[in-house]
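Structure data follow from target_28.pdb (PDB, C-alpha atoms and all ligand atoms):
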ATOM      1  CA  MET A 514     -20.597 -17.562   0.315
ATOM      2  CA  PRO A 515     -20.008 -17.617  -3.447
ATOM      3  CA  GLU A 516     -19.918 -20.851  -5.343
ATOM      4  CA  VAL A 517     -16.416 -21.980  -6.197
ATOM      5  CA  LEU A 518     -16.365 -21.619  -9.946
ATOM      6  CA  TRP A 519     -12.815 -22.381 -10.607
ATOM      7  CA  TYR A 520     -10.337 -25.020  -9.511
ATOM      8  CA  PRO A 521      -6.906 -23.505  -9.156
ATOM      9  CA  THR A 522      -3.536 -24.891  -9.857
ATOM     10  CA  PRO A 523      -1.238 -24.852  -6.820
ATOM     11  CA  THR A 524      -0.651 -21.395  -5.389
ATOM     12  CA  THR A 525       3.086 -21.397  -5.863
ATOM     13  CA  HIS A 526       2.666 -22.126  -9.546
ATOM     14  CA  ARG A 527       0.181 -19.267  -9.993
ATOM     15  CA  ILE A 528       2.385 -16.851  -8.090
ATOM     16  CA  ASP A 529       5.459 -17.687 -10.124
ATOM     17  CA  ARG A 530       3.543 -17.322 -13.351
ATOM     18  CA  ARG A 531       2.099 -13.896 -12.491
ATOM     19  CA  SER A 532       5.402 -12.577 -11.270
ATOM     20  CA  GLU A 533       7.064 -13.765 -14.453
ATOM     21  CA  ARG A 534       4.432 -11.984 -16.493
ATOM     22  CA  ALA A 535       4.988  -8.761 -14.543
ATOM     23  CA  ASN A 536       8.692  -9.274 -15.031
ATOM     24  CA  GLN A 537       8.323  -9.393 -18.774
ATOM     25  CA  LYS A 538       6.222  -6.230 -19.021
ATOM     26  CA  GLY A 539       8.073  -3.533 -20.893
ATOM     27  CA  SER A 540      11.684  -4.513 -20.480
ATOM     28  CA  PRO A 541      13.874  -7.605 -20.420
ATOM     29  CA  MET A 542      13.508  -9.729 -17.320
ATOM     30  CA  SER A 543      17.074  -9.114 -16.239
ATOM     31  CA  GLU A 544      16.341  -5.367 -15.922
ATOM     32  CA  ARG A 545      13.056  -5.803 -14.124
ATOM     33  CA  VAL A 546      13.738  -5.991 -10.420
ATOM     34  CA  PRO A 547      10.941  -5.603  -7.873
ATOM     35  CA  VAL A 548      10.991  -2.187  -6.234
ATOM     36  CA  LEU A 549       9.972  -3.825  -2.992
ATOM     37  CA  GLU A 550       9.764  -7.470  -2.046
ATOM     38  CA  ALA A 551       8.721  -9.387   1.055
ATOM     39  CA  ARG A 552      10.350 -12.801   1.020
ATOM     40  CA  GLY A 553       9.090 -15.470   3.405
ATOM     41  CA  ILE A 554       8.029 -13.066   6.151
ATOM     42  CA  SER A 555       6.697 -14.512   9.418
ATOM     43  CA  LYS A 556       5.497 -12.443  12.370
ATOM     44  CA  SER A 557       3.744 -13.526  15.542
ATOM     45  CA  PHE A 558       2.198 -11.551  18.371
ATOM     46  CA  GLY A 559       2.259 -13.992  21.272
ATOM     47  CA  ALA A 560       0.147 -16.936  20.164
ATOM     48  CA  VAL A 561      -1.219 -15.101  17.097
ATOM     49  CA  HIS A 562       0.598 -16.022  13.895
ATOM     50  CA  ALA A 563      -0.176 -12.810  12.010
ATOM     51  CA  LEU A 564       2.097 -13.700   9.064
ATOM     52  CA  VAL A 565       3.358 -17.122   8.054
ATOM     53  CA  ASP A 566       5.977 -17.264   5.299
ATOM     54  CA  ALA A 567       4.333 -14.421   3.355
ATOM     55  CA  SER A 568       5.930 -13.222   0.123
ATOM     56  CA  MET A 569       4.968 -10.513  -2.323
ATOM     57  CA  GLN A 570       6.670  -8.388  -4.951
ATOM     58  CA  VAL A 571       5.931  -4.938  -6.310
ATOM     59  CA  PHE A 572       7.245  -4.077  -9.753
ATOM     60  CA  PRO A 573       7.675  -0.616 -11.272
ATOM     61  CA  GLY A 574       4.539   0.867 -12.777
ATOM     62  CA  GLU A 575       1.907  -1.335 -11.148
ATOM     63  CA  ILE A 576      -0.832  -1.067  -8.574
ATOM     64  CA  VAL A 577      -0.756  -4.252  -6.515
ATOM     65  CA  ALA A 578      -3.838  -4.801  -4.392
ATOM     66  CA  LEU A 579      -3.279  -6.662  -1.144
ATOM     67  CA  ILE A 580      -6.561  -8.160  -0.051
ATOM     68  CA  GLY A 581      -7.798 -10.370   2.741
ATOM     69  CA  ASP A 582     -10.430 -10.569   5.422
ATOM     70  CA  ASN A 583     -10.112  -8.605   8.665
ATOM     71  CA  GLY A 584      -7.177 -10.004  10.606
ATOM     72  CA  ALA A 585      -5.606 -11.671   7.549
ATOM     73  CA  GLY A 586      -2.323  -9.871   8.215
ATOM     74  CA  LYS A 587      -2.420  -7.068   5.637
ATOM     75  CA  SER A 588      -1.437  -4.266   7.999
ATOM     76  CA  THR A 589       1.149  -6.485   9.671
ATOM     77  CA  LEU A 590       2.825  -7.139   6.311
ATOM     78  CA  ILE A 591       2.842  -3.416   5.563
ATOM     79  CA  ASN A 592       4.200  -2.656   9.014
ATOM     80  CA  CYS A 593       7.077  -5.071   8.356
ATOM     81  CA  LEU A 594       7.704  -3.520   4.930
ATOM     82  CA  THR A 595       7.777   0.012   6.351
ATOM     83  CA  GLY A 596       9.923  -0.472   9.436
ATOM     84  CA  VAL A 597       7.152  -0.187  12.039
ATOM     85  CA  PHE A 598       8.382  -3.467  13.506
ATOM     86  CA  PRO A 599      10.812  -6.118  12.293
ATOM     87  CA  PRO A 600       9.642  -9.499  10.978
ATOM     88  CA  ASP A 601      10.470 -12.536  13.117
ATOM     89  CA  SER A 602      11.960 -14.161  10.047
ATOM     90  CA  GLY A 603      12.192 -13.601   6.319
ATOM     91  CA  GLU A 604      13.717 -10.866   4.220
ATOM     92  CA  ILE A 605      12.758  -7.482   2.854
ATOM     93  CA  LEU A 606      14.403  -6.529  -0.414
ATOM     94  CA  PHE A 607      14.477  -3.020  -1.783
ATOM     95  CA  GLU A 608      15.425  -2.795  -5.455
ATOM     96  CA  GLY A 609      16.763  -6.324  -5.201
ATOM     97  CA  LYS A 610      18.943  -5.831  -2.139
ATOM     98  CA  PRO A 611      18.137  -6.997   1.402
ATOM     99  CA  VAL A 612      17.397  -4.118   3.772
ATOM    100  CA  HIS A 613      16.889  -3.901   7.515
ATOM    101  CA  LEU A 614      14.374  -1.219   8.369
ATOM    102  CA  HIS A 615      14.526  -0.136  11.997
ATOM    103  CA  SER A 616      11.904   2.604  11.809
ATOM    104  CA  PRO A 617       9.358   4.155   9.439
ATOM    105  CA  GLN A 618      11.960   6.886   8.906
ATOM    106  CA  ASP A 619      14.335   4.278   7.442
ATOM    107  CA  ALA A 620      11.600   3.360   4.947
ATOM    108  CA  ARG A 621      10.908   7.023   4.143
ATOM    109  CA  ASN A 622      14.617   7.585   3.551
ATOM    110  CA  LEU A 623      14.439   4.912   0.843
ATOM    111  CA  GLY A 624      11.472   6.662  -0.818
ATOM    112  CA  ILE A 625       8.768   4.405   0.654
ATOM    113  CA  GLU A 626       5.746   6.406   1.857
ATOM    114  CA  THR A 627       2.692   5.019   3.611
ATOM    115  CA  VAL A 628      -0.854   6.296   3.974
ATOM    116  CA  TYR A 629      -2.063   4.651   7.163
ATOM    117  CA  GLN A 630      -5.505   3.241   7.744
ATOM    118  CA  ASP A 631      -6.841   5.951  10.026
ATOM    119  CA  LEU A 632      -6.943   9.275   8.112
ATOM    120  CA  ALA A 633      -3.601  10.309   9.536
ATOM    121  CA  VAL A 634      -3.580  14.066   9.103
ATOM    122  CA  ALA A 635      -3.164  16.870  11.621
ATOM    123  CA  PRO A 636      -6.685  18.349  11.649
ATOM    124  CA  HIS A 637      -5.787  21.804  12.945
ATOM    125  CA  LEU A 638      -3.176  22.436  10.216
ATOM    126  CA  ASP A 639      -3.841  23.497   6.630
ATOM    127  CA  SER A 640      -3.053  21.257   3.647
ATOM    128  CA  ALA A 641       0.389  22.742   3.052
ATOM    129  CA  ALA A 642       1.404  22.376   6.697
ATOM    130  CA  ASN A 643       0.218  18.761   6.629
ATOM    131  CA  ILE A 644       2.136  17.981   3.469
ATOM    132  CA  TYR A 645       5.322  19.562   4.841
ATOM    133  CA  LEU A 646       4.909  18.297   8.412
ATOM    134  CA  GLY A 647       8.371  17.309   9.631
ATOM    135  CA  ARG A 648       9.937  18.425   6.342
ATOM    136  CA  GLU A 649       9.292  22.158   6.500
ATOM    137  CA  ILE A 650      11.048  24.519   4.108
ATOM    138  CA  MET A 651      12.935  27.230   5.962
ATOM    139  CA  LYS A 652      13.568  30.709   4.620
ATOM    140  CA  PRO A 653      16.996  30.987   3.016
ATOM    141  CA  GLY A 654      19.879  32.861   4.560
ATOM    142  CA  ILE A 655      19.944  34.161   8.091
ATOM    143  CA  LEU A 656      16.166  33.832   8.480
ATOM    144  CA  GLY A 657      16.470  30.089   7.869
ATOM    145  CA  LYS A 658      19.083  29.877  10.575
ATOM    146  CA  LEU A 659      16.675  31.668  12.882
ATOM    147  CA  GLY A 660      14.048  29.021  12.169
ATOM    148  CA  PHE A 661      11.559  30.946  10.024
ATOM    149  CA  LEU A 662       9.288  28.840   7.839
ATOM    150  CA  ASP A 663       8.923  29.675   4.178
ATOM    151  CA  ASP A 664       5.117  29.469   4.214
ATOM    152  CA  LYS A 665       4.785  31.085   0.805
ATOM    153  CA  ARG A 666       6.965  28.513  -0.930
ATOM    154  CA  MET A 667       5.312  25.613   0.861
ATOM    155  CA  MET A 668       1.872  26.897  -0.115
ATOM    156  CA  GLU A 669       2.903  27.436  -3.760
ATOM    157  CA  GLN A 670       4.425  23.973  -4.012
ATOM    158  CA  THR A 671       1.405  22.420  -2.334
ATOM    159  CA  GLU A 672      -0.889  24.103  -4.834
ATOM    160  CA  SER A 673       1.145  22.824  -7.776
ATOM    161  CA  GLU A 674       1.379  19.319  -6.279
ATOM    162  CA  LEU A 675      -2.400  19.171  -5.726
ATOM    163  CA  LYS A 676      -2.912  20.445  -9.268
ATOM    164  CA  ARG A 677      -0.532  17.853 -10.707
ATOM    165  CA  LEU A 678      -2.443  15.114  -8.878
ATOM    166  CA  ARG A 679      -5.759  16.681  -9.886
ATOM    167  CA  VAL A 680      -6.861  16.847  -6.265
ATOM    168  CA  ARG A 681      -9.766  19.210  -5.888
ATOM    169  CA  ILE A 682      -9.610  20.931  -2.530
ATOM    170  CA  PRO A 683     -11.545  24.156  -1.983
ATOM    171  CA  ASP A 684      -8.572  26.107  -0.643
ATOM    172  CA  PRO A 685      -5.272  24.628   0.581
ATOM    173  CA  ARG A 686      -5.195  27.353   3.231
ATOM    174  CA  ARG A 687      -8.175  25.814   4.971
ATOM    175  CA  ARG A 688      -7.486  23.749   8.028
ATOM    176  CA  VAL A 689      -8.053  20.141   7.132
ATOM    177  CA  PHE A 690     -10.713  19.497   9.784
ATOM    178  CA  THR A 691     -13.004  21.666   7.654
ATOM    179  CA  LEU A 692     -12.520  19.352   4.642
ATOM    180  CA  SER A 693     -14.554  16.281   3.757
ATOM    181  CA  GLY A 694     -13.192  12.814   4.568
ATOM    182  CA  GLY A 695     -12.244  12.274   0.936
ATOM    183  CA  GLN A 696     -10.447  15.594   0.747
ATOM    184  CA  ARG A 697      -8.600  14.880   3.992
ATOM    185  CA  GLN A 698      -7.571  11.470   2.706
ATOM    186  CA  SER A 699      -6.445  13.118  -0.533
ATOM    187  CA  VAL A 700      -4.206  15.442   1.475
ATOM    188  CA  ALA A 701      -2.716  12.387   3.215
ATOM    189  CA  VAL A 702      -2.170  10.705  -0.161
ATOM    190  CA  ALA A 703      -0.726  13.894  -1.677
ATOM    191  CA  ARG A 704       1.750  14.102   1.182
ATOM    192  CA  SER A 705       2.887  10.537   0.574
ATOM    193  CA  VAL A 706       3.110  11.040  -3.156
ATOM    194  CA  LYS A 707       5.081  14.255  -2.796
ATOM    195  CA  TRP A 708       7.775  12.518  -0.776
ATOM    196  CA  ALA A 709       7.667   9.017  -2.229
ATOM    197  CA  SER A 710      10.343   8.562  -4.838
ATOM    198  CA  LYS A 711       9.937   4.763  -5.075
ATOM    199  CA  ILE A 712       6.630   3.407  -3.790
ATOM    200  CA  VAL A 713       3.399   4.455  -2.104
ATOM    201  CA  ILE A 714       1.582   2.109   0.248
ATOM    202  CA  MET A 715      -2.060   2.785   1.064
ATOM    203  CA  ASP A 716      -3.674   0.826   3.894
ATOM    204  CA  GLU A 717      -7.459   0.829   3.430
ATOM    205  CA  PRO A 718      -7.492   4.367   1.985
ATOM    206  CA  THR A 719     -11.198   4.232   1.172
ATOM    207  CA  ALA A 720     -12.425   2.399   4.287
ATOM    208  CA  ALA A 721     -13.802   5.500   6.005
ATOM    209  CA  LEU A 722     -15.064   7.203   2.851
ATOM    210  CA  GLY A 723     -18.343   7.551   0.987
ATOM    211  CA  VAL A 724     -18.833   6.859  -2.696
ATOM    212  CA  ALA A 725     -17.800  10.249  -4.130
ATOM    213  CA  GLN A 726     -14.922  10.569  -1.691
ATOM    214  CA  SER A 727     -13.664   7.092  -2.552
ATOM    215  CA  ARG A 728     -13.774   8.031  -6.211
ATOM    216  CA  MET A 729     -11.347  10.870  -5.546
ATOM    217  CA  VAL A 730      -8.888   8.555  -3.813
ATOM    218  CA  LEU A 731      -9.182   5.873  -6.515
ATOM    219  CA  ASP A 732      -8.504   8.456  -9.234
ATOM    220  CA  LEU A 733      -5.545   9.696  -7.239
ATOM    221  CA  THR A 734      -4.191   6.164  -6.871
ATOM    222  CA  ARG A 735      -4.174   5.813 -10.641
ATOM    223  CA  GLU A 736      -2.533   9.241 -11.025
ATOM    224  CA  VAL A 737       0.258   8.049  -8.745
ATOM    225  CA  ARG A 738       0.790   4.869 -10.753
ATOM    226  CA  ASN A 739       0.654   6.832 -14.002
ATOM    227  CA  SER A 740       3.304   9.193 -12.669
ATOM    228  CA  GLY A 741       5.606   6.147 -12.444
ATOM    229  CA  ILE A 742       5.375   5.306  -8.740
ATOM    230  CA  PRO A 743       4.080   1.811  -7.956
ATOM    231  CA  VAL A 744       1.389   1.455  -5.318
ATOM    232  CA  ILE A 745       0.411  -1.222  -2.809
ATOM    233  CA  PHE A 746      -3.321  -0.743  -2.376
ATOM    234  CA  ILE A 747      -4.836  -2.515   0.613
ATOM    235  CA  SER A 748      -8.558  -2.968   0.709
ATOM    236  CA  HIS A 749     -11.295  -5.457   1.233
ATOM    237  CA  ASN A 750     -13.613  -3.483  -1.010
ATOM    238  CA  MET A 751     -13.714  -5.717  -4.094
ATOM    239  CA  PRO A 752     -15.168  -3.177  -6.541
ATOM    240  CA  HIS A 753     -12.391  -0.733  -5.618
ATOM    241  CA  VAL A 754      -9.749  -3.431  -5.914
ATOM    242  CA  PHE A 755     -10.940  -4.658  -9.296
ATOM    243  CA  GLU A 756     -11.203  -1.098 -10.528
ATOM    244  CA  VAL A 757      -7.646   0.017  -9.802
ATOM    245  CA  ALA A 758      -5.425  -3.036  -9.419
ATOM    246  CA  ASP A 759      -3.078  -4.416 -12.042
ATOM    247  CA  ARG A 760      -2.459  -7.489  -9.885
ATOM    248  CA  ILE A 761      -4.097  -8.848  -6.747
ATOM    249  CA  VAL A 762      -2.336 -10.650  -3.894
ATOM    250  CA  VAL A 763      -4.634 -12.526  -1.495
ATOM    251  CA  LEU A 764      -3.702 -13.021   2.148
ATOM    252  CA  ARG A 765      -5.564 -15.503   4.290
ATOM    253  CA  LEU A 766      -4.655 -16.346   7.878
ATOM    254  CA  GLY A 767      -1.248 -14.726   7.396
ATOM    255  CA  THR A 768      -0.346 -16.633   4.237
ATOM    256  CA  VAL A 769      -0.370 -15.501   0.617
ATOM    257  CA  VAL A 770      -2.802 -17.990  -0.900
ATOM    258  CA  ALA A 771      -3.222 -16.652  -4.436
ATOM    259  CA  GLU A 772      -2.274 -14.027  -6.984
ATOM    260  CA  LEU A 773      -5.072 -12.984  -9.282
ATOM    261  CA  ASP A 774      -5.372 -10.987 -12.474
ATOM    262  CA  PRO A 775      -8.278  -8.532 -12.230
ATOM    263  CA  LYS A 776      -8.699  -8.665 -16.009
ATOM    264  CA  THR A 777      -9.383 -12.379 -16.131
ATOM    265  CA  ASP A 778     -10.247 -13.462 -12.570
ATOM    266  CA  THR A 779     -13.536 -12.579 -10.906
ATOM    267  CA  VAL A 780     -14.677 -10.979  -7.657
ATOM    268  CA  ASP A 781     -16.228 -14.339  -6.697
ATOM    269  CA  GLN A 782     -12.876 -16.029  -7.082
ATOM    270  CA  ALA A 783     -11.174 -13.353  -4.983
ATOM    271  CA  VAL A 784     -13.778 -13.692  -2.240
ATOM    272  CA  SER A 785     -13.448 -17.474  -2.327
ATOM    273  CA  TRP A 786      -9.726 -17.205  -1.760
ATOM    274  CA  MET A 787     -10.194 -14.634   1.011
ATOM    275  CA  THR A 788     -12.734 -16.713   2.879
ATOM    276  CA  GLY A 789     -11.072 -20.056   2.315
ATOM    277  CA  SER A 790     -13.791 -21.655   0.240
ATOM    278  CA  THR A 791     -11.159 -21.964  -2.467
ATOM    279  CA  THR A 792      -7.915 -23.409  -1.177
ATOM    280  CA  THR A 793      -4.851 -25.048  -2.549
ATOM    281  CA  GLU A 794      -4.539 -28.790  -2.193
ATOM    282  CA  PRO A 795      -2.978 -29.707   1.161
ATOM    283  CA  SER A 796      -0.433 -31.881  -0.626
ATOM    284  CA  THR A 797       0.960 -28.845  -2.483
ATOM    285  CA  ASN A 798       0.841 -26.146   0.163
ATOM    286  CA  GLY A 799       1.610 -27.746   3.507
ATOM    287  CA  SER A 800      -0.463 -27.221   6.604
ATOM    288  CA  ARG A 801      -1.700 -23.660   5.976
ATOM    289  CA  ALA A 802      -4.286 -24.680   3.415
ATOM    290  CA  ALA A 803      -7.572 -24.696   5.303
TER     291      ALA A 803
HETATM  292  N1  LIG B 901       0.558  -4.872  17.344
HETATM  293  C1  LIG B 901      -0.152  -6.007  17.473
HETATM  294  N2  LIG B 901      -0.194  -6.665  18.649
HETATM  295  C2  LIG B 901      -0.872  -7.811  18.778
HETATM  296  N3  LIG B 901      -1.568  -8.396  17.794
HETATM  297  C3  LIG B 901      -1.582  -7.802  16.605
HETATM  298  C4  LIG B 901      -0.861  -6.567  16.382
HETATM  299  N4  LIG B 901      -1.059  -6.195  15.082
HETATM  300  C5  LIG B 901      -1.833  -7.149  14.535
HETATM  301  N5  LIG B 901      -2.138  -8.101  15.436
HETATM  302  C6  LIG B 901      -2.949  -9.303  15.168
HETATM  303  O1  LIG B 901      -2.422  -9.902  14.009
HETATM  304  C7  LIG B 901      -3.480 -10.372  13.175
HETATM  305  C8  LIG B 901      -3.394  -9.684  11.828
HETATM  306  O2  LIG B 901      -3.774  -8.331  11.994
HETATM  307  P1  LIG B 901      -3.673  -7.229  10.861
HETATM  308  O3  LIG B 901      -2.355  -7.341  10.198
HETATM  309  O4  LIG B 901      -4.028  -5.940  11.472
HETATM  310  O5  LIG B 901      -4.821  -7.716   9.865
HETATM  311  P2  LIG B 901      -5.558  -6.925   8.676
HETATM  312  O6  LIG B 901      -4.838  -5.648   8.458
HETATM  313  O7  LIG B 901      -5.481  -7.864   7.524
HETATM  314  O8  LIG B 901      -6.974  -6.741   9.147
HETATM  315  C9  LIG B 901      -4.765 -10.108  13.922
HETATM  316  O9  LIG B 901      -5.112 -11.281  14.629
HETATM  317  C10 LIG B 901      -4.400  -8.992  14.851
HETATM  318  O10 LIG B 901      -5.188  -9.002  16.008
HETATM  319 MG    MG B 902      -5.469  -3.610   8.537
END
Would you write the structure of this file as structure tokens?
Amino acid sequence: MPEVLWYPTPTTHRIDRRSERANQKGSPMSERVPVLEARGISKSFGAVHALVDASMQVFPGEIVALIGDNGAGKSTLINCLTGVFPPDSGEILFEGKPVHLHSPQDARNLGIETVYQDLAVAPHLDSAANIYLGREIMKPGILGKLGFLDDKRMMEQTESELKRLRVRIPDPRRRVFTLSGGQRQSVAVARSVKWASKIVIMDEPTAALGVAQSRMVLDLTREVRNSGIPVIFISHNMPHVFEVADRIVVLRLGTVVAELDPKTDTVDQAVSWMTGSTTTEPSTNGSRAA
């Protein structure tokens, strides 16, 4: 357990300050609306309070890391934000307006794409078929009406998409089960990026990967951000988080306990917040402070 090196001001103050700073980046505050915002989200599964009044914002052009120990509620928050299940209470705002997402398809229709925790690709299909799964291009004219796939166009567009993202895959015609874990994960990320017009959410994208494979996904995450699409990057790998994140949101026991700046805050501080050895004063943050 790291020593607590730093005595924080109350959480709410820190969160407001960081969000204001993000708000001021680049353009006047009035123009800078979060692309996606969770406002006071609570979600319980029976007796388990997975989320308690959790709030976070994602602004254009940033990678926001969402960190927390196992069971902190990271995936639950993402599931609420992507229509997998509804929150018990609280609001989800998309580009400043409240939305009710009834399914992951609702989220996808808004331009929100998610890379799920468990290398979610179809192993027996090639990269192009994975990227176009459920969104296949049909041949134009009568052939399209007859249900013929335009494999050539899908393959060409996949190749240019992988090139744009600088994803190195031996041959996009290879079935993905023959690829390495990092390459498979890159295909999953490329699929999300191809279809995401507003935001990409990655839930533990490097959890199952080795060092070189993780590197590929981290580079890709930055490519996505640099192409103008903000990213929520979930991980409990601190070196990865501090390497890619522009801002860090810490969840503990279902509550957002801190927002950190990876340029000025340290890994020790992040771990302290995650584990609860740094907490806000009970008088300023109600009963959730441990
Ligand atoms: N579908 C579910 N049904 C029941 N309990 C769940 C479900 N999803 C998550 N939980 C519980 O909610 C808590 C938060 O889980 P989760 O959001 O997966 O955490 P994290 O992603 O941070 O590891 C855990 O106690 C977990 O067991
Ligand atoms: Mg999870």
For the provided coordinates, the residues matched by the PyMOL selection byres (((chain A and resi 779-787) around 7) and not hetatm) should be stated as a CSV table (one decimal) with C-alpha atoms, in the frame of the given file.
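out-v9.csv, freshly written:
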chain,number,residue,atom,x,y,z
A,515,PRO,CA,-20.0,-17.6,-3.4
A,517,VAL,CA,-16.4,-22.0,-6.2
A,581,GLY,CA,-7.8,-10.4,2.7
A,582,ASP,CA,-10.4,-10.6,5.4
A,751,MET,CA,-13.7,-5.7,-4.1
A,763,VAL,CA,-4.6,-12.5,-1.5
A,764,LEU,CA,-3.7,-13.0,2.1
A,765,ARG,CA,-5.6,-15.5,4.3
A,775,PRO,CA,-8.3,-8.5,-12.2
A,777,THR,CA,-9.4,-12.4,-16.1
A,778,ASP,CA,-10.2,-13.5,-12.6
A,788,THR,CA,-12.7,-16.7,2.9
A,789,GLY,CA,-11.1,-20.1,2.3
A,790,SER,CA,-13.8,-21.7,0.2
A,791,THR,CA,-11.2,-22.0,-2.5
A,792,THR,CA,-7.9,-23.4,-1.2
If the PyMOL selection byres (((chain A and resi 669) around 12) and not hetatm) were run on this exact file, what residues would it hold? Put them as number ranges by chain. A: 640-642, 644-645, 650, 663-668, 670-676, 684-686
Give me the residues within 9 Å of A:Asn750 as a PyMOL selection string, counting only C-alpha atoms and dropping any in the same chain fewer than 6 places off. chain A and resi 580+717+719-720
Output as JSON lines one row per residue of chain A within 9 Å of ligand LIG 901 (chain B): the closest atom pair and its distance in Å to one decimal place, counting only C-alpha atoms and all ligand atoms, sorted by chain and residue number ascending.
{"residue": "A:Lys556", "atom": "CA", "partner": "B:LIG901", "partner_atom": "O1", "distance": 8.5}
{"residue": "A:Ser557", "atom": "CA", "partner": "B:LIG901", "partner_atom": "O1", "distance": 7.3}
{"residue": "A:Phe558", "atom": "CA", "partner": "B:LIG901", "partner_atom": "C2", "distance": 4.9}
{"residue": "A:Gly559", "atom": "CA", "partner": "B:LIG901", "partner_atom": "C2", "distance": 7.4}
{"residue": "A:Val561", "atom": "CA", "partner": "B:LIG901", "partner_atom": "O9", "distance": 6.0}
{"residue": "A:His562", "atom": "CA", "partner": "B:LIG901", "partner_atom": "O1", "distance": 6.8}
{"residue": "A:Ala563", "atom": "CA", "partner": "B:LIG901", "partner_atom": "O1", "distance": 4.2}
{"residue": "A:Leu564", "atom": "CA", "partner": "B:LIG901", "partner_atom": "C8", "distance": 7.3}
{"residue": "A:Ile580", "atom": "CA", "partner": "B:LIG901", "partner_atom": "O7", "distance": 7.7}
{"residue": "A:Gly581", "atom": "CA", "partner": "B:LIG901", "partner_atom": "O7", "distance": 5.9}
{"residue": "A:Asp582", "atom": "CA", "partner": "B:LIG901", "partner_atom": "O7", "distance": 6.0}
{"residue": "A:Asn583", "atom": "CA", "partner": "B:LIG901", "partner_atom": "O8", "distance": 3.7}
{"residue": "A:Gly584", "atom": "CA", "partner": "B:LIG901", "partner_atom": "O5", "distance": 3.4}
{"residue": "A:Ala585", "atom": "CA", "partner": "B:LIG901", "partner_atom": "O7", "distance": 3.8}
{"residue": "A:Gly586", "atom": "CA", "partner": "B:LIG901", "partner_atom": "O3", "distance": 3.2}
{"residue": "A:Lys587", "atom": "CA", "partner": "B:LIG901", "partner_atom": "O7", "distance": 3.7}
{"residue": "A:Ser588", "atom": "CA", "partner": "B:LIG901", "partner_atom": "O6", "distance": 3.7}
{"residue": "A:Thr589", "atom": "CA", "partner": "B:LIG901", "partner_atom": "O3", "distance": 3.6}
{"residue": "A:Leu590", "atom": "CA", "partner": "B:LIG901", "partner_atom": "O3", "distance": 6.5}
{"residue": "A:Ile591", "atom": "CA", "partner": "B:LIG901", "partner_atom": "O3", "distance": 8.0}
{"residue": "A:Asn592", "atom": "CA", "partner": "B:LIG901", "partner_atom": "O3", "distance": 8.1}
{"residue": "A:Phe598", "atom": "CA", "partner": "B:LIG901", "partner_atom": "N1", "distance": 8.8}
{"residue": "A:Gln630", "atom": "CA", "partner": "B:LIG901", "partner_atom": "O6", "distance": 8.9}
{"residue": "A:Asp716", "atom": "CA", "partner": "B:LIG901", "partner_atom": "O6", "distance": 8.0}
{"residue": "A:Glu717", "atom": "CA", "partner": "B:LIG901", "partner_atom": "O6", "distance": 8.6}
{"residue": "A:Ile747", "atom": "CA", "partner": "B:LIG901", "partner_atom": "O6", "distance": 8.4}
{"residue": "A:Ser748", "atom": "CA", "partner": "B:LIG901", "partner_atom": "O7", "distance": 8.9}
{"residue": "A:His749", "atom": "CA", "partner": "B:LIG901", "partner_atom": "O7", "distance": 8.9}
{"residue": "A:Leu764", "atom": "CA", "partner": "B:LIG901", "partner_atom": "O7", "distance": 7.7}
{"residue": "A:Arg765", "atom": "CA", "partner": "B:LIG901", "partner_atom": "O7", "distance": 8.3}
{"residue": "A:Leu766", "atom": "CA", "partner": "B:LIG901", "partner_atom": "C8", "distance": 7.8}
{"residue": "A:Gly767", "atom": "CA", "partner": "B:LIG901", "partner_atom": "C8", "distance": 7.0}
Separation of atom CA of A:Glu626 from atom CA of A:Arg681 in Å: 21.6 Å
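Each of A:Gly603, A:Pro743, A:Gly723, A:Pro718 was compared to ligand MG 902 (chain B) using all atoms listed in the file, and A:Pro718 turns out to be the nearest.
With all atoms listed in the file as the basis for measurement, A:Met715 is the residue among A:Ala771, A:Val689, A:Met715, A:Val548 that approaches ligand MG 902 (chain B) most closely.
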Give the answer as one residue: which of A:Met651, A:Val713, A:Leu733, A:Leu614 has the shortest atom-to-atom distance to A:Gly574, using all atoms listed in the file? A:Val713
Which one of A:Glu649, A:Gly695, A:Tyr629, A:Asn622 sits closest to ligand MG 902 (chain B) if you count only C-alpha atoms and all ligand atoms? A:Tyr629
Counting only C-alpha atoms and all ligand atoms, figure out which residue out of A:Ile712, A:Phe607, A:Gly596, A:Leu579 gets nearest to ligand MG 902 (chain B). A:Leu579
Which value, in Å to one decimal, gives the distance between atom CA of A:Met569 and atom CA of A:Leu594? 10.4 Å
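With atom CA of A:Val762 on one side and atom CA of A:Ser555 on the other, the separation reads 16.5 Å.
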